[in-house]
$ cat structure09.cif   # mmCIF, N, CA and C atoms
data_query
loop_
_atom_site.label_atom_id
_atom_site.label_comp_id
_atom_site.auth_asym_id
_atom_site.auth_seq_id
_atom_site.Cartn_x
_atom_site.Cartn_y
_atom_site.Cartn_z
N MET A 8 -11.30 -14.47 11.51
CA MET A 8 -10.57 -13.47 10.73
C MET A 8 -9.61 -14.18 9.80
N GLY A 9 -9.56 -13.78 8.53
CA GLY A 9 -8.71 -14.40 7.54
C GLY A 9 -7.39 -13.67 7.38
N VAL A 10 -6.56 -14.26 6.55
CA VAL A 10 -5.27 -13.66 6.23
C VAL A 10 -5.39 -12.95 4.89
N LEU A 11 -4.97 -11.71 4.85
CA LEU A 11 -4.94 -10.94 3.61
C LEU A 11 -3.58 -11.14 2.97
N VAL A 12 -3.57 -11.46 1.68
CA VAL A 12 -2.33 -11.71 0.96
C VAL A 12 -2.39 -11.03 -0.40
N ASP A 13 -1.36 -10.24 -0.70
CA ASP A 13 -1.17 -9.66 -2.02
C ASP A 13 0.27 -9.92 -2.44
N TYR A 14 0.47 -10.22 -3.72
CA TYR A 14 1.82 -10.33 -4.28
C TYR A 14 2.05 -9.09 -5.13
N PHE A 15 3.26 -8.52 -5.03
CA PHE A 15 3.54 -7.28 -5.75
C PHE A 15 5.01 -7.19 -6.14
N THR A 16 5.30 -6.27 -7.04
CA THR A 16 6.68 -6.02 -7.44
C THR A 16 7.13 -4.68 -6.87
N ALA A 17 8.42 -4.59 -6.62
CA ALA A 17 9.02 -3.34 -6.17
C ALA A 17 10.47 -3.34 -6.60
N ASP A 18 11.02 -2.15 -6.77
CA ASP A 18 12.39 -2.04 -7.27
C ASP A 18 13.46 -2.30 -6.21
N SER A 19 13.07 -2.37 -4.94
CA SER A 19 14.04 -2.64 -3.88
C SER A 19 13.31 -3.10 -2.63
N ASP A 20 14.07 -3.73 -1.73
CA ASP A 20 13.49 -4.12 -0.45
C ASP A 20 13.00 -2.89 0.31
N GLN A 21 13.74 -1.81 0.18
CA GLN A 21 13.35 -0.57 0.86
C GLN A 21 11.99 -0.08 0.36
N SER A 22 11.77 -0.10 -0.93
CA SER A 22 10.47 0.29 -1.49
C SER A 22 9.38 -0.66 -1.04
N ALA A 23 9.69 -1.96 -1.03
CA ALA A 23 8.70 -2.96 -0.62
C ALA A 23 8.29 -2.77 0.84
N ARG A 24 9.23 -2.38 1.67
CA ARG A 24 8.93 -2.19 3.09
C ARG A 24 7.88 -1.11 3.31
N LEU A 25 7.80 -0.16 2.40
CA LEU A 25 6.83 0.92 2.54
C LEU A 25 5.40 0.41 2.42
N ALA A 26 5.24 -0.79 1.87
CA ALA A 26 3.90 -1.37 1.71
C ALA A 26 3.40 -2.04 2.98
N LEU A 27 4.22 -2.08 4.03
CA LEU A 27 3.83 -2.78 5.25
C LEU A 27 2.49 -2.29 5.79
N ASP A 28 2.34 -1.01 5.91
CA ASP A 28 1.09 -0.44 6.41
C ASP A 28 0.12 -0.21 5.25
N GLY A 29 -0.88 -1.03 5.15
CA GLY A 29 -1.91 -0.84 4.13
C GLY A 29 -1.74 -1.64 2.86
N GLY A 30 -0.62 -2.29 2.68
CA GLY A 30 -0.42 -3.14 1.51
C GLY A 30 0.00 -2.38 0.27
N PRO A 31 0.24 -3.11 -0.82
CA PRO A 31 0.74 -2.51 -2.06
C PRO A 31 -0.28 -1.62 -2.76
N GLU A 32 -1.56 -1.88 -2.56
CA GLU A 32 -2.58 -1.06 -3.21
C GLU A 32 -2.45 0.40 -2.77
N GLY A 33 -2.21 0.61 -1.49
CA GLY A 33 -2.08 1.96 -0.98
C GLY A 33 -0.83 2.68 -1.45
N MET A 34 0.13 1.93 -1.98
CA MET A 34 1.39 2.50 -2.45
C MET A 34 1.43 2.64 -3.97
N ASN A 35 0.31 2.32 -4.64
CA ASN A 35 0.25 2.34 -6.11
C ASN A 35 1.29 1.43 -6.75
N LEU A 36 1.52 0.28 -6.13
CA LEU A 36 2.43 -0.71 -6.69
C LEU A 36 1.62 -1.73 -7.50
N THR A 37 2.22 -2.30 -8.52
CA THR A 37 1.58 -3.34 -9.30
C THR A 37 1.45 -4.58 -8.41
N TYR A 38 0.23 -5.12 -8.30
CA TYR A 38 0.03 -6.26 -7.41
C TYR A 38 -1.09 -7.17 -7.91
N VAL A 39 -1.13 -8.38 -7.32
CA VAL A 39 -2.19 -9.33 -7.57
C VAL A 39 -2.81 -9.67 -6.22
N ASP A 40 -4.11 -9.48 -6.13
CA ASP A 40 -4.86 -9.75 -4.90
C ASP A 40 -5.09 -11.26 -4.77
N CYS A 41 -4.53 -11.85 -3.73
CA CYS A 41 -4.70 -13.28 -3.50
C CYS A 41 -5.38 -13.56 -2.16
N LYS A 42 -6.10 -12.58 -1.66
CA LYS A 42 -6.77 -12.71 -0.38
C LYS A 42 -7.72 -13.91 -0.39
N GLY A 43 -7.54 -14.78 0.61
CA GLY A 43 -8.39 -15.94 0.74
C GLY A 43 -8.16 -17.01 -0.30
N TRP A 44 -7.07 -16.91 -1.05
CA TRP A 44 -6.86 -17.85 -2.13
C TRP A 44 -5.48 -18.51 -2.11
N LEU A 45 -4.42 -17.74 -1.96
CA LEU A 45 -3.07 -18.31 -2.04
C LEU A 45 -2.15 -17.67 -1.01
N ASP A 46 -1.56 -18.51 -0.18
CA ASP A 46 -0.59 -18.02 0.81
C ASP A 46 0.84 -18.29 0.36
N GLU A 47 1.10 -19.52 -0.11
CA GLU A 47 2.47 -19.94 -0.43
C GLU A 47 2.68 -20.07 -1.93
N LEU A 48 3.45 -19.19 -2.48
CA LEU A 48 3.74 -19.18 -3.91
C LEU A 48 4.62 -20.35 -4.32
N ASP A 49 5.56 -20.74 -3.46
CA ASP A 49 6.52 -21.81 -3.80
C ASP A 49 5.82 -23.11 -4.19
N THR A 50 4.81 -23.48 -3.45
CA THR A 50 4.11 -24.73 -3.73
C THR A 50 3.42 -24.68 -5.09
N LEU A 51 2.76 -23.56 -5.38
CA LEU A 51 2.12 -23.40 -6.67
C LEU A 51 3.14 -23.48 -7.80
N VAL A 52 4.27 -22.81 -7.65
CA VAL A 52 5.29 -22.79 -8.70
C VAL A 52 5.88 -24.18 -8.90
N ALA A 53 6.08 -24.92 -7.83
CA ALA A 53 6.59 -26.30 -7.96
C ALA A 53 5.61 -27.15 -8.76
N GLU A 54 4.32 -27.02 -8.47
CA GLU A 54 3.31 -27.78 -9.21
C GLU A 54 3.25 -27.37 -10.67
N LEU A 55 3.31 -26.08 -10.93
CA LEU A 55 3.25 -25.59 -12.32
C LEU A 55 4.48 -26.00 -13.13
N SER A 56 5.64 -25.92 -12.51
CA SER A 56 6.88 -26.17 -13.23
C SER A 56 7.29 -27.63 -13.26
N GLY A 57 6.65 -28.46 -12.42
CA GLY A 57 7.03 -29.86 -12.35
C GLY A 57 8.33 -30.09 -11.61
N ARG A 58 8.78 -29.08 -10.90
CA ARG A 58 10.04 -29.18 -10.15
C ARG A 58 9.73 -29.48 -8.69
N ASP A 59 10.73 -29.99 -8.00
CA ASP A 59 10.59 -30.28 -6.58
C ASP A 59 10.68 -28.98 -5.79
N LEU A 60 9.87 -28.88 -4.75
CA LEU A 60 9.83 -27.69 -3.92
C LEU A 60 11.21 -27.36 -3.34
N SER A 61 12.01 -28.38 -3.09
CA SER A 61 13.34 -28.16 -2.50
C SER A 61 14.31 -27.45 -3.46
N GLU A 62 13.96 -27.36 -4.74
CA GLU A 62 14.82 -26.69 -5.71
C GLU A 62 14.76 -25.17 -5.60
N PHE A 63 13.76 -24.66 -4.88
CA PHE A 63 13.58 -23.23 -4.76
C PHE A 63 14.17 -22.73 -3.45
N GLY A 64 14.75 -21.55 -3.49
CA GLY A 64 15.25 -20.94 -2.27
C GLY A 64 14.10 -20.47 -1.39
N ASP A 65 14.43 -20.14 -0.18
CA ASP A 65 13.42 -19.64 0.75
C ASP A 65 13.17 -18.15 0.52
N SER A 66 11.93 -17.75 0.78
CA SER A 66 11.64 -16.31 0.74
C SER A 66 12.33 -15.67 1.93
N GLU A 67 12.57 -14.39 1.83
CA GLU A 67 13.24 -13.65 2.89
C GLU A 67 12.31 -12.58 3.44
N THR A 68 12.24 -12.49 4.75
CA THR A 68 11.42 -11.46 5.36
C THR A 68 12.10 -10.12 5.16
N SER A 69 11.38 -9.20 4.55
CA SER A 69 11.90 -7.85 4.35
C SER A 69 11.58 -6.98 5.55
N VAL A 70 10.35 -7.11 6.05
CA VAL A 70 9.94 -6.33 7.22
C VAL A 70 8.73 -7.01 7.85
N ASP A 71 8.63 -6.89 9.17
CA ASP A 71 7.54 -7.48 9.92
C ASP A 71 7.22 -6.50 11.05
N ASP A 72 5.94 -6.20 11.25
CA ASP A 72 5.61 -5.24 12.29
C ASP A 72 5.53 -5.88 13.67
N GLY A 73 5.77 -7.20 13.75
CA GLY A 73 5.76 -7.89 15.02
C GLY A 73 4.38 -8.23 15.52
N GLU A 74 3.36 -7.83 14.82
CA GLU A 74 2.00 -8.11 15.26
C GLU A 74 1.17 -8.77 14.18
N SER A 75 0.86 -8.05 13.11
CA SER A 75 -0.10 -8.59 12.16
C SER A 75 0.30 -8.49 10.70
N ALA A 76 1.29 -7.72 10.35
CA ALA A 76 1.61 -7.52 8.94
C ALA A 76 3.09 -7.82 8.67
N GLY A 77 3.36 -8.23 7.43
CA GLY A 77 4.73 -8.51 7.03
C GLY A 77 4.88 -8.46 5.52
N VAL A 78 6.12 -8.28 5.09
CA VAL A 78 6.46 -8.29 3.67
C VAL A 78 7.64 -9.24 3.50
N ASP A 79 7.48 -10.22 2.59
CA ASP A 79 8.53 -11.19 2.29
C ASP A 79 8.89 -11.08 0.82
N ARG A 80 10.18 -11.27 0.51
CA ARG A 80 10.65 -11.29 -0.87
C ARG A 80 10.74 -12.74 -1.34
N ALA A 81 10.12 -13.05 -2.47
CA ALA A 81 10.18 -14.40 -3.04
C ALA A 81 11.60 -14.67 -3.55
N ALA A 82 12.03 -15.91 -3.42
CA ALA A 82 13.34 -16.30 -3.91
C ALA A 82 13.40 -16.11 -5.43
N SER A 83 14.56 -15.69 -5.92
CA SER A 83 14.71 -15.42 -7.35
C SER A 83 14.45 -16.68 -8.18
N GLU A 84 14.79 -17.87 -7.65
CA GLU A 84 14.53 -19.12 -8.37
C GLU A 84 13.03 -19.34 -8.56
N THR A 85 12.26 -18.99 -7.55
CA THR A 85 10.81 -19.14 -7.61
C THR A 85 10.23 -18.20 -8.66
N VAL A 86 10.69 -16.96 -8.64
CA VAL A 86 10.19 -15.95 -9.58
C VAL A 86 10.53 -16.35 -11.01
N ALA A 87 11.76 -16.79 -11.25
CA ALA A 87 12.18 -17.18 -12.59
C ALA A 87 11.38 -18.39 -13.09
N ALA A 88 11.14 -19.36 -12.22
CA ALA A 88 10.38 -20.55 -12.62
C ALA A 88 8.93 -20.18 -12.94
N LEU A 89 8.34 -19.30 -12.17
CA LEU A 89 6.97 -18.86 -12.44
C LEU A 89 6.90 -18.09 -13.75
N ALA A 90 7.85 -17.21 -13.96
CA ALA A 90 7.88 -16.41 -15.19
C ALA A 90 8.01 -17.29 -16.44
N ALA A 91 8.64 -18.45 -16.29
CA ALA A 91 8.88 -19.34 -17.43
C ALA A 91 7.69 -20.22 -17.80
N VAL A 92 6.65 -20.24 -16.98
CA VAL A 92 5.48 -21.08 -17.25
C VAL A 92 4.72 -20.52 -18.45
N ASP A 93 4.51 -21.36 -19.46
CA ASP A 93 3.80 -20.88 -20.65
C ASP A 93 2.29 -21.12 -20.54
N ASP A 94 1.55 -20.55 -21.48
CA ASP A 94 0.09 -20.64 -21.47
C ASP A 94 -0.42 -22.08 -21.59
N VAL A 95 0.27 -22.90 -22.36
CA VAL A 95 -0.13 -24.29 -22.52
C VAL A 95 -0.08 -25.00 -21.17
N ARG A 96 1.00 -24.79 -20.44
CA ARG A 96 1.13 -25.43 -19.12
C ARG A 96 0.08 -24.89 -18.14
N LEU A 97 -0.21 -23.61 -18.23
CA LEU A 97 -1.25 -23.04 -17.38
C LEU A 97 -2.60 -23.73 -17.63
N ARG A 98 -2.94 -23.93 -18.89
CA ARG A 98 -4.20 -24.59 -19.23
C ARG A 98 -4.21 -26.05 -18.76
N GLU A 99 -3.08 -26.74 -18.96
CA GLU A 99 -2.97 -28.12 -18.49
C GLU A 99 -3.17 -28.20 -16.98
N TYR A 100 -2.50 -27.32 -16.26
CA TYR A 100 -2.61 -27.30 -14.81
C TYR A 100 -4.04 -27.01 -14.37
N ALA A 101 -4.69 -26.08 -15.03
CA ALA A 101 -6.07 -25.74 -14.69
C ALA A 101 -6.99 -26.95 -14.88
N GLU A 102 -6.76 -27.72 -15.95
CA GLU A 102 -7.57 -28.91 -16.19
C GLU A 102 -7.27 -30.01 -15.17
N GLU A 103 -5.98 -30.21 -14.87
CA GLU A 103 -5.57 -31.22 -13.90
C GLU A 103 -6.18 -30.94 -12.52
N GLU A 104 -6.17 -29.70 -12.13
CA GLU A 104 -6.62 -29.30 -10.79
C GLU A 104 -8.09 -28.89 -10.74
N LEU A 105 -8.76 -28.94 -11.89
CA LEU A 105 -10.17 -28.55 -11.98
C LEU A 105 -10.41 -27.14 -11.42
N LEU A 106 -9.59 -26.22 -11.87
CA LEU A 106 -9.67 -24.85 -11.39
C LEU A 106 -10.82 -24.11 -12.04
N ASP A 107 -11.40 -23.19 -11.30
CA ASP A 107 -12.43 -22.34 -11.90
C ASP A 107 -11.76 -21.14 -12.57
N GLU A 108 -12.52 -20.38 -13.30
CA GLU A 108 -11.98 -19.27 -14.09
C GLU A 108 -11.27 -18.25 -13.21
N PHE A 109 -11.80 -17.97 -12.04
CA PHE A 109 -11.16 -17.03 -11.11
C PHE A 109 -9.74 -17.47 -10.77
N GLU A 110 -9.58 -18.76 -10.49
CA GLU A 110 -8.25 -19.27 -10.13
C GLU A 110 -7.29 -19.20 -11.32
N VAL A 111 -7.78 -19.52 -12.49
CA VAL A 111 -6.94 -19.44 -13.69
C VAL A 111 -6.50 -17.99 -13.93
N GLU A 112 -7.42 -17.06 -13.76
CA GLU A 112 -7.07 -15.64 -13.92
C GLU A 112 -6.01 -15.22 -12.91
N ARG A 113 -6.12 -15.68 -11.67
CA ARG A 113 -5.14 -15.31 -10.63
C ARG A 113 -3.77 -15.90 -10.94
N ILE A 114 -3.74 -17.17 -11.35
CA ILE A 114 -2.45 -17.79 -11.68
C ILE A 114 -1.81 -17.08 -12.86
N THR A 115 -2.60 -16.76 -13.87
CA THR A 115 -2.08 -16.03 -15.03
C THR A 115 -1.55 -14.66 -14.61
N ALA A 116 -2.28 -13.97 -13.76
CA ALA A 116 -1.85 -12.66 -13.29
C ALA A 116 -0.55 -12.76 -12.48
N LEU A 117 -0.43 -13.80 -11.66
CA LEU A 117 0.81 -14.00 -10.90
C LEU A 117 1.98 -14.30 -11.82
N ARG A 118 1.74 -15.15 -12.83
CA ARG A 118 2.79 -15.46 -13.80
C ARG A 118 3.23 -14.18 -14.53
N ASP A 119 2.26 -13.37 -14.94
CA ASP A 119 2.58 -12.13 -15.63
C ASP A 119 3.30 -11.14 -14.71
N LEU A 120 2.94 -11.14 -13.44
CA LEU A 120 3.64 -10.28 -12.47
C LEU A 120 5.09 -10.73 -12.32
N ALA A 121 5.31 -12.05 -12.28
CA ALA A 121 6.68 -12.58 -12.21
C ALA A 121 7.48 -12.21 -13.46
N ARG A 122 6.84 -12.29 -14.62
CA ARG A 122 7.51 -11.90 -15.86
C ARG A 122 7.91 -10.43 -15.84
N GLU A 123 7.02 -9.60 -15.31
CA GLU A 123 7.33 -8.17 -15.21
C GLU A 123 8.48 -7.92 -14.24
N ALA A 124 8.49 -8.64 -13.13
CA ALA A 124 9.58 -8.50 -12.17
C ALA A 124 10.92 -8.88 -12.81
N VAL A 125 10.93 -9.98 -13.56
CA VAL A 125 12.16 -10.42 -14.23
C VAL A 125 12.57 -9.38 -15.28
N ARG A 126 11.61 -8.94 -16.08
CA ARG A 126 11.91 -7.97 -17.15
C ARG A 126 12.50 -6.67 -16.60
N LEU A 127 11.97 -6.22 -15.48
CA LEU A 127 12.42 -4.95 -14.90
C LEU A 127 13.51 -5.12 -13.85
N ASN A 128 13.94 -6.37 -13.64
CA ASN A 128 14.95 -6.66 -12.62
C ASN A 128 14.49 -6.18 -11.25
N GLN A 129 13.23 -6.49 -10.93
CA GLN A 129 12.66 -6.12 -9.64
C GLN A 129 12.41 -7.37 -8.81
N GLY A 130 12.07 -7.15 -7.56
CA GLY A 130 11.73 -8.25 -6.68
C GLY A 130 10.24 -8.51 -6.71
N LEU A 131 9.86 -9.75 -6.39
CA LEU A 131 8.46 -10.12 -6.23
C LEU A 131 8.26 -10.35 -4.74
N TYR A 132 7.27 -9.67 -4.18
CA TYR A 132 7.06 -9.67 -2.73
C TYR A 132 5.66 -10.15 -2.38
N ARG A 133 5.54 -10.65 -1.14
CA ARG A 133 4.24 -11.04 -0.61
C ARG A 133 3.96 -10.17 0.62
N TRP A 134 2.83 -9.47 0.57
CA TRP A 134 2.37 -8.71 1.74
C TRP A 134 1.29 -9.54 2.41
N THR A 135 1.43 -9.74 3.71
CA THR A 135 0.41 -10.47 4.46
C THR A 135 -0.04 -9.63 5.64
N CYS A 136 -1.29 -9.77 5.98
CA CYS A 136 -1.86 -9.07 7.12
C CYS A 136 -2.94 -9.96 7.73
N VAL A 137 -2.87 -10.13 9.03
CA VAL A 137 -3.85 -10.97 9.74
C VAL A 137 -4.93 -10.08 10.32
#
$ encode --input "structure09.cif" --output "structure tokens"
Amino acid sequence: MGVLVDYFTADSDQSARLALDGGPEGMNLTYVDCKGWLDELDTLVAELSGRDLSEFGDSETSVDDGESAGVDRAASETVAALAAVDDVRLREYAEEELLDEFEVERITALRDLAREAVRLNQGLYRWTCV
């Protein structure tokens, strides 16, 4: 059994907590499906931005059902750094890492989701379910 992971935006931790059962898709929240592809956003953002992983704050658990599902809020430093990644850097990273088109689309969608979170002053969250 794999881990299901979606990244999404919400206007508050309280709103994000509502996604615990069924994920953000069931709540009509803007999200990026990263199932089977990306668990840890911080590592990706450090690689994209050229910054050290230690420069980013830790994500905070918003809610956990104690069994299989949880919602974490990404640190604001991580979200801001991801939002700042430009298209040129995305292409460079894709070439360096030999990414396929699917991966490039996902990274671009995550970057755009971070930009939307910053623009709307919302949080960026990770929903996981085992």
$ closest_residue --input "structure09.cif" --among "A:Ala101, A:Ala17, A:Leu48, A:Val12" --to "Thr85 in chain A" --atoms "only C-alpha atoms"
A:Leu48
$ select_by_dssp --input "structure09.cif" --residues "chain A" --states "strand (DSSP E or B)" --output "VMD selection string"
chain A and resid 11 to 17 38 to 40 67 to 71 76 to 80 130 to 136
$ resolve_selection --input "structure09.cif" --expression "the PyMOL selection byres (((chain A and resi 87-90 and name CA) around 6) and name CA)" --output "PDB file with N, CA and C atoms, in the frame of the given file"
ATOM      1  N   VAL A  52       4.270 -22.810  -7.650  1.00  0.00           N
ATOM      2  CA  VAL A  52       5.290 -22.790  -8.700  1.00  0.00           C
ATOM      3  C   VAL A  52       5.880 -24.180  -8.900  1.00  0.00           C
ATOM      4  N   GLU A  84      14.790 -17.870  -7.650  1.00  0.00           N
ATOM      5  CA  GLU A  84      14.530 -19.120  -8.370  1.00  0.00           C
ATOM      6  C   GLU A  84      13.030 -19.340  -8.560  1.00  0.00           C
ATOM      7  N   THR A  85      12.260 -18.990  -7.550  1.00  0.00           N
ATOM      8  CA  THR A  85      10.810 -19.140  -7.610  1.00  0.00           C
ATOM      9  C   THR A  85      10.230 -18.200  -8.660  1.00  0.00           C
ATOM     10  N   VAL A  86      10.690 -16.960  -8.640  1.00  0.00           N
ATOM     11  CA  VAL A  86      10.190 -15.950  -9.580  1.00  0.00           C
ATOM     12  C   VAL A  86      10.530 -16.350 -11.010  1.00  0.00           C
ATOM     13  N   ALA A  91       8.640 -18.450 -16.290  1.00  0.00           N
ATOM     14  CA  ALA A  91       8.880 -19.340 -17.430  1.00  0.00           C
ATOM     15  C   ALA A  91       7.690 -20.220 -17.800  1.00  0.00           C
ATOM     16  N   VAL A  92       6.650 -20.240 -16.980  1.00  0.00           N
ATOM     17  CA  VAL A  92       5.480 -21.080 -17.250  1.00  0.00           C
ATOM     18  C   VAL A  92       4.720 -20.520 -18.450  1.00  0.00           C
ATOM     19  N   ARG A 118       1.740 -15.150 -12.830  1.00  0.00           N
ATOM     20  CA  ARG A 118       2.790 -15.460 -13.800  1.00  0.00           C
ATOM     21  C   ARG A 118       3.230 -14.180 -14.530  1.00  0.00           C
ATOM     22  N   ALA A 121       5.310 -12.050 -12.280  1.00  0.00           N
ATOM     23  CA  ALA A 121       6.680 -12.580 -12.210  1.00  0.00           C
ATOM     24  C   ALA A 121       7.480 -12.210 -13.460  1.00  0.00           C
ATOM     25  N   ARG A 122       6.840 -12.290 -14.620  1.00  0.00           N
ATOM     26  CA  ARG A 122       7.510 -11.900 -15.860  1.00  0.00           C
ATOM     27  C   ARG A 122       7.910 -10.430 -15.840  1.00  0.00           C
TER      28      ARG A 122
END
$ closest_atom_pairs --input "structure09.cif" --of "range 50-120 of chain A" --to "range 38-44 of chain A" --cutoff "8 Å" --atoms "only N, CA and C atoms" --output "JSON lines"
{"residue": "A:Arg113", "atom": "CA", "partner": "A:Asp40", "partner_atom": "C", "distance": 7.1}
{"residue": "A:Ala116", "atom": "C", "partner": "A:Val39", "partner_atom": "CA", "distance": 6.2}
{"residue": "A:Leu117", "atom": "N", "partner": "A:Val39", "partner_atom": "CA", "distance": 6.3}
{"residue": "A:Leu120", "atom": "CA", "partner": "A:Tyr38", "partner_atom": "C", "distance": 7.3}
$ write_last_selection --input "structure09.cif" --atoms "N, CA and C atoms" --output "PDB file, in the frame of the given file"
ATOM      1  N   ARG A 113      -6.120 -15.680 -11.670  1.00  0.00           N
ATOM      2  CA  ARG A 113      -5.140 -15.310 -10.630  1.00  0.00           C
ATOM      3  C   ARG A 113      -3.770 -15.900 -10.940  1.00  0.00           C
ATOM      4  N   ALA A 116      -2.280 -13.970 -13.760  1.00  0.00           N
ATOM      5  CA  ALA A 116      -1.850 -12.660 -13.290  1.00  0.00           C
ATOM      6  C   ALA A 116      -0.550 -12.760 -12.480  1.00  0.00           C
ATOM      7  N   LEU A 117      -0.430 -13.800 -11.660  1.00  0.00           N
ATOM      8  CA  LEU A 117       0.810 -14.000 -10.900  1.00  0.00           C
ATOM      9  C   LEU A 117       1.980 -14.300 -11.820  1.00  0.00           C
ATOM     10  N   LEU A 120       2.940 -11.140 -13.440  1.00  0.00           N
ATOM     11  CA  LEU A 120       3.640 -10.280 -12.470  1.00  0.00           C
ATOM     12  C   LEU A 120       5.090 -10.730 -12.320  1.00  0.00           C
TER      13      LEU A 120
END
$ residues_around --input "structure09.cif" --residues "Leu60 in chain A" --least-positions-apart "2" --cutoff "6.5 Å" --atoms "all atoms listed in the file" --output "PDB file with N, CA and C atoms, in the coordinates of the input"
ATOM      1  N   ASP A  49       5.560 -20.740  -3.460  1.00  0.00           N
ATOM      2  CA  ASP A  49       6.520 -21.810  -3.800  1.00  0.00           C
ATOM      3  C   ASP A  49       5.820 -23.110  -4.190  1.00  0.00           C
ATOM      4  N   THR A  50       4.810 -23.480  -3.450  1.00  0.00           N
ATOM      5  CA  THR A  50       4.110 -24.730  -3.730  1.00  0.00           C
ATOM      6  C   THR A  50       3.420 -24.680  -5.090  1.00  0.00           C
ATOM      7  N   ALA A  53       6.080 -24.920  -7.830  1.00  0.00           N
ATOM      8  CA  ALA A  53       6.590 -26.300  -7.960  1.00  0.00           C
ATOM      9  C   ALA A  53       5.610 -27.150  -8.760  1.00  0.00           C
ATOM     10  N   ARG A  58       8.780 -29.080 -10.900  1.00  0.00           N
ATOM     11  CA  ARG A  58      10.040 -29.180 -10.150  1.00  0.00           C
ATOM     12  C   ARG A  58       9.730 -29.480  -8.690  1.00  0.00           C
ATOM     13  N   GLU A  62      13.960 -27.360  -4.740  1.00  0.00           N
ATOM     14  CA  GLU A  62      14.820 -26.690  -5.710  1.00  0.00           C
ATOM     15  C   GLU A  62      14.760 -25.170  -5.600  1.00  0.00           C
ATOM     16  N   PHE A  63      13.760 -24.660  -4.880  1.00  0.00           N
ATOM     17  CA  PHE A  63      13.580 -23.230  -4.760  1.00  0.00           C
ATOM     18  C   PHE A  63      14.170 -22.730  -3.450  1.00  0.00           C
TER      19      PHE A  63
END
$ closest_residue --input "structure09.cif" --among "A:Leu105, A:Val95, A:Val111, A:Ala82" --to "Leu131 in chain A" --atoms "all atoms listed in the file"
A:Ala82
$ resolve_selection --input "structure09.cif" --expression "the PyMOL selection byres ((chain A and resi 77) around 6)" --output "PyMOL selection string"
chain A and resi 27+70-72+75-76+78-79+133-136
$ build_atoms --input "structure09.cif" --residues "range 69-81 of chain A" --atoms "N, CA, C and O atoms" --output "PDB file, in the frame of the given file"
ATOM      1  N   SER A  69      11.380  -9.200   4.550  1.00  0.00           N
ATOM      2  CA  SER A  69      11.900  -7.850   4.350  1.00  0.00           C
ATOM      3  C   SER A  69      11.580  -6.980   5.550  1.00  0.00           C
ATOM      4  O   SER A  69      12.396  -6.189   6.005  1.00  0.00           O
ATOM      5  N   VAL A  70      10.350  -7.110   6.050  1.00  0.00           N
ATOM      6  CA  VAL A  70       9.940  -6.330   7.220  1.00  0.00           C
ATOM      7  C   VAL A  70       8.730  -7.010   7.850  1.00  0.00           C
ATOM      8  O   VAL A  70       7.926  -7.626   7.162  1.00  0.00           O
ATOM      9  N   ASP A  71       8.630  -6.890   9.170  1.00  0.00           N
ATOM     10  CA  ASP A  71       7.540  -7.480   9.920  1.00  0.00           C
ATOM     11  C   ASP A  71       7.220  -6.500  11.050  1.00  0.00           C
ATOM     12  O   ASP A  71       8.129  -6.023  11.728  1.00  0.00           O
ATOM     13  N   ASP A  72       5.940  -6.200  11.250  1.00  0.00           N
ATOM     14  CA  ASP A  72       5.610  -5.240  12.290  1.00  0.00           C
ATOM     15  C   ASP A  72       5.530  -5.880  13.670  1.00  0.00           C
ATOM     16  O   ASP A  72       5.246  -5.217  14.663  1.00  0.00           O
ATOM     17  N   GLY A  73       5.770  -7.200  13.750  1.00  0.00           N
ATOM     18  CA  GLY A  73       5.760  -7.890  15.020  1.00  0.00           C
ATOM     19  C   GLY A  73       4.380  -8.230  15.520  1.00  0.00           C
ATOM     20  O   GLY A  73       4.231  -8.878  16.553  1.00  0.00           O
ATOM     21  N   GLU A  74       3.360  -7.830  14.820  1.00  0.00           N
ATOM     22  CA  GLU A  74       2.000  -8.110  15.260  1.00  0.00           C
ATOM     23  C   GLU A  74       1.170  -8.770  14.180  1.00  0.00           C
ATOM     24  O   GLU A  74       0.788  -9.923  14.305  1.00  0.00           O
ATOM     25  N   SER A  75       0.860  -8.050  13.110  1.00  0.00           N
ATOM     26  CA  SER A  75      -0.100  -8.590  12.160  1.00  0.00           C
ATOM     27  C   SER A  75       0.300  -8.490  10.700  1.00  0.00           C
ATOM     28  O   SER A  75      -0.309  -9.147   9.867  1.00  0.00           O
ATOM     29  N   ALA A  76       1.290  -7.720  10.350  1.00  0.00           N
ATOM     30  CA  ALA A  76       1.610  -7.520   8.940  1.00  0.00           C
ATOM     31  C   ALA A  76       3.090  -7.820   8.670  1.00  0.00           C
ATOM     32  O   ALA A  76       3.937  -7.670   9.549  1.00  0.00           O
ATOM     33  N   GLY A  77       3.360  -8.230   7.430  1.00  0.00           N
ATOM     34  CA  GLY A  77       4.730  -8.510   7.030  1.00  0.00           C
ATOM     35  C   GLY A  77       4.880  -8.460   5.520  1.00  0.00           C
ATOM     36  O   GLY A  77       3.902  -8.565   4.779  1.00  0.00           O
ATOM     37  N   VAL A  78       6.120  -8.280   5.090  1.00  0.00           N
ATOM     38  CA  VAL A  78       6.460  -8.290   3.670  1.00  0.00           C
ATOM     39  C   VAL A  78       7.640  -9.240   3.500  1.00  0.00           C
ATOM     40  O   VAL A  78       8.649  -9.114   4.181  1.00  0.00           O
ATOM     41  N   ASP A  79       7.480 -10.220   2.590  1.00  0.00           N
ATOM     42  CA  ASP A  79       8.530 -11.190   2.290  1.00  0.00           C
ATOM     43  C   ASP A  79       8.890 -11.080   0.820  1.00  0.00           C
ATOM     44  O   ASP A  79       8.021 -10.861  -0.025  1.00  0.00           O
ATOM     45  N   ARG A  80      10.180 -11.270   0.510  1.00  0.00           N
ATOM     46  CA  ARG A  80      10.650 -11.290  -0.870  1.00  0.00           C
ATOM     47  C   ARG A  80      10.740 -12.740  -1.340  1.00  0.00           C
ATOM     48  O   ARG A  80      11.372 -13.564  -0.681  1.00  0.00           O
ATOM     49  N   ALA A  81      10.120 -13.050  -2.470  1.00  0.00           N
ATOM     50  CA  ALA A  81      10.180 -14.400  -3.040  1.00  0.00           C
ATOM     51  C   ALA A  81      11.600 -14.670  -3.550  1.00  0.00           C
ATOM     52  O   ALA A  81      12.272 -13.762  -4.047  1.00  0.00           O
TER      53      ALA A  81
END
